[in-house]
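Notes for the one structure printed next.
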Amino acid sequence: MHKLVKNHIFSLIAWILILIISVVALPDVTGLTREHSNISLPSDVQSEVAKSIQNDWGPKQKDTYQIAVVFNKQKGKLTSDDKNAINETIDRLKDKQDQYGIKMVLGPDDNIATKKKLQSKDNTTWIMQLNVAKKHGPVNDVEAELNKAVKTAGIRTYVTGADVLQNAFSNAIQEGIKKTEVITVIFIFIVLVIVFRSPIVPLISLLTVGVSFITSFAIVTNLVEYQNFPFSNFTQVFMIIVLFGIGTDYNILLYDKFKEDLGKGMDRYEAMNSALKVAGKTILYSGSSILIGFSALSLANFSIYQSAVGVAVGVAVLLIVLLTLNPFFMAVLGEKMFWPVKKFTGEHEDKLWHGISQATLAHPIIYLIVLAVVVLPFGLMYTGHLNYDDTDEIDNSASAKAGMLVVEDHFSKGMAEPSTLYIKSNHKLDNEADLRLIDQLTRQLQASGDVAFVTSVTQPYGESIDQLYVKNQLNTVNQGVDQARAGLGKLSKASKKVTAGASKLADGTSQLQNGTSQLQDGASKLQAGTGKLQNGASRLQNGTGQLQGGASRLQSGTEQMSSGLNQLNSQLASGSAGIANAQKNTKAVLEKSYKANLSKSINSIPGLTQQQKMAAMQAAGAALEKSWAEASASMPDVSGQMGQLQSGVGRLTTASGQLTNGAATLNGGIGQLNSSAGQLNSGIGQVNSSTGQLSSGIGQVNSSVGQLNSGAGKLASSTPKITNGVDEVNSGLGQGAAYLNGLASSSAADTFYIPQEFIKNDTFQTSIKNYLSPDKKSAMLMIVFKSNPSSLKATKKAQDLSLMAKKSLAGTRLKKATVAMGGESSNIADIKDIANRDFIRTAAIMLIGIGIALIFVTRSLLQPVYILGTLLIAYFCSLSITEWVVKATLGKSMLTWNTPFFGFIMLIALGVDYSIFLMTRYRELENGSPSQRMLKACGIIGTVVVSAAIILGGTFAALIPSGIPTLIEVALAVIIGLIILVFIMPITLSAAVKLTYEGVHWRKNKRAKK
């Protein structure tokens, strides 16, 4: 049992069990990586607020994949057959939506809006937009399924979109990790073989580090799956690089000490314990500093920065494995670990570090000045411009990236990833006032630079709807007013004609009245004559001689009277007919003119339905009939009175005939005069009576004609008033038309106005459904930039447009609405802001944590400052050089946005190792002055540091074949930084020790001599 414990057999068994459990418990790493590949931001940043608003109304982004299918004709334009084939493919997907988990399909030929926005202007490319439920399967499987489903004869098809591109990035990372693992293992094995000249040591080192990685990675992934531990695409690859890099360095330090002690004659157990005590202490110090550095990342707010905290778990497990599993191999194998080497030498000095330290100790100030002169230009070279376009991480040959590039070539560059501005209010927005504000904002955004087009509820096609603007509406009204004025002009002319007719009627009735007056005078004279005749008949008996002459005159008079009465009767008949015709014609003229002009006026009024027009015509006709009836009622029954007059004249004519007959009888027989005198007297009495009736009838006619004349006068006097009224209305419309024309040509007419009935229109309701939330309280405006959505220009523009929207709505009824910009550009802007702030914050925490650890390790307040200063110099120089190398070799004008942060934490956390190696060795040396001890420590540790830097640099170099820009740039930054540290660390630390500690001793000795 003692032997088992002494040989650490139980440690081996324990780690074997732990390794088996770790392998069995390891979850689906690929799925876990894809699930946590998206960057998560704090909920209060703008892009996350926008996602929250969107998730409240439509297919939630967290529940669906946003996918775009691209159809492209490589050569020539799409033919009708090509378009039919594409539509057949789209229809097939629509028919099988459940099979593919599709929640929403928007085809390029679905409506006017999609035809304008999803069909390229060069007629070579169409885009179909899909929302696919995440529960349908991993995005990798969904992409593969859709790639098969959308294949179309004669057309190149691509499945792309934000989720698909992110998946492509994850796949690239996974492929890169596989390459890195293989290259790292091979490289470390070769280097360790060269260093130790033995194949066994490399195998043991790789085994112990491998156990550390598998165990720690199982812990991290299970924490991710069950405890939502920070994780990203970079977690696994950085754990591999760091653990294999520093793990190998620590093993070299441990194995070197073990080998050294074996060379001093110690047995394997003594050498093991000595190595664990001396080298193990250095390993714990170094590992603790790295552990503190990476643990500080847990305090970061940014998820991708937090994800590197998994390295801290790996470092903690690594320290335990190296100090518990390595003793087993050292105790069991002893000298055989270094087979075939049999001669073990002690410490030997590194000439590079020894020479640099020696020269610096001789002239510390000069070397520091030279170092500053060399370093300063590198600090000024760095531009600080970073690339936030994650799609650059994906190779152009990847299908998803190729599809995105096709969209950028044939549409606006922002078409692939449009931005969306959300407005969330506490009231419904489907009303004229709010829609006007939204349209006003839409036009402001559209007028901004770098904006290709903007779509919204009022401009669903990215263009203004002319009918919904006051200018267009005023033009329609003005056309109606012009038509109404023309109709009123015609009505005025007709009214004037009626006035003229009424005047003529009044003149005719006046003449008629004069005629009847004369007739009445004649009838009175006739009545007086018959009276005299009756008196003469009485005297007839007294003078027959006179009777003969009187009878002759009487016969002649009665004949004239009969002729006059016949003429009067004919004139009365003609006058009665003329009056009736005049009344009839006047009414017809008025009705025809009024109704014709009224119909044109009503028809010219915009917005009236046919039913409303008929109702207006009927109401106007009824009013006209009522007005004519009232006018007719005020006139006497001329026709009846004329009939009575004609009847009286008829009776007068009959009486006149009888008188004529009597006169003839009288004239025929003078002898019968006496016998007929009584009859004559009686006949003359009848004539006298008839002439009285005639006089009365003519009086009635005269009265009726007077009434008719009065009515005609009233008609003649009223029609000019009607004419004047029509003219006044026409003049008023003319003034209104002039105002409306002026308003239509002014800037005020360029205002949105939507009638309530248009809001209910089916077409506009479709726009409301697409751009307003189901509760109508939220609206979205889709913005497509001309530039790449991930570019600095677009991200800056997204922030500017969001601020513009807030200012535009300030002071309006939407002043309290939540306004947030979503989409790739806004997301990048938030990432940039948070990353910059969190970088400074996290770097400060990390430096403070490492600084505190160094204070305990070095037991000094100044040495941590020197060490951290050296590391920062190496970092800034490496960043500048890396930027230059990337431009020169990779053709990229900017570093990826992750490079400065990951380069910082890797170089600072790992570089502090070498400082601790050196300063720990310096403290172990007790004899000699500080300069002598530093020179000795640099000579001894130089070999270890150079070897460790080569191994760590080679490990990071294994990232270069991955093809991922961020990993390549981080690798370059760390490698360059390690090279710089190798050269400047013996300068800065040697000069610091010389100037600090020996200066103190020199002053003390000088005072003592005095």
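Labels for the structure tokens follow display order: chains A, B, ..., residues from 1 in each chain, ligands from 1.
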
DSSP-assigned strand (DSSP E or B) among range 20-205 of chain A, expressed as an MDAnalysis selection string: chainID A and resid 64:72 102:106 119 125:133 152 155:160

Contacts of range 199-213 of chain A at 7 Å (only C-alpha atoms; same-chain gap of 3+ positions) as a PyMOL selection string: chain A and resi 19+189+192-193+216-217+240+243-244+247-248+251+314+317-318+321-322+325+337-339

Shell around range 990-1000 of chain A at 10 Å using only C-alpha atoms, local window under 4 positions removed, as a VMD selection string: chain A and resid 356 to 368 862 to 863 865 to 867 929 to 935 938 984 to 986 1004 to 1006

Contacts of Ala835 in chain A at 8 Å (only C-alpha atoms; same-chain gap of 4+ positions) as number ranges by chain: A: 302, 831, 839

Residues within 7 Å of Thr899 in chain A, only C-alpha atoms, excluding chain neighbours under 4 positions, as a ChimeraX atom specification: /A:895,903,966,969-970

Top pick for closest residue to Gln459 in chain A, considering A:Thr324, A:Ser232, A:Thr124, A:Asn770 and counting only C-alpha atoms: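 Between A:Thr324, A:Ser232, A:Thr124, A:Asn770, the residue approaching Gln459 in chain A most closely is A:Asn770.
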
d(CA of Phe258 in chain A, CA of Ala271 in chain A) in Å: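 CA of Phe258 in chain A sits 5.4 Å away from CA of Ala271 in chain A.
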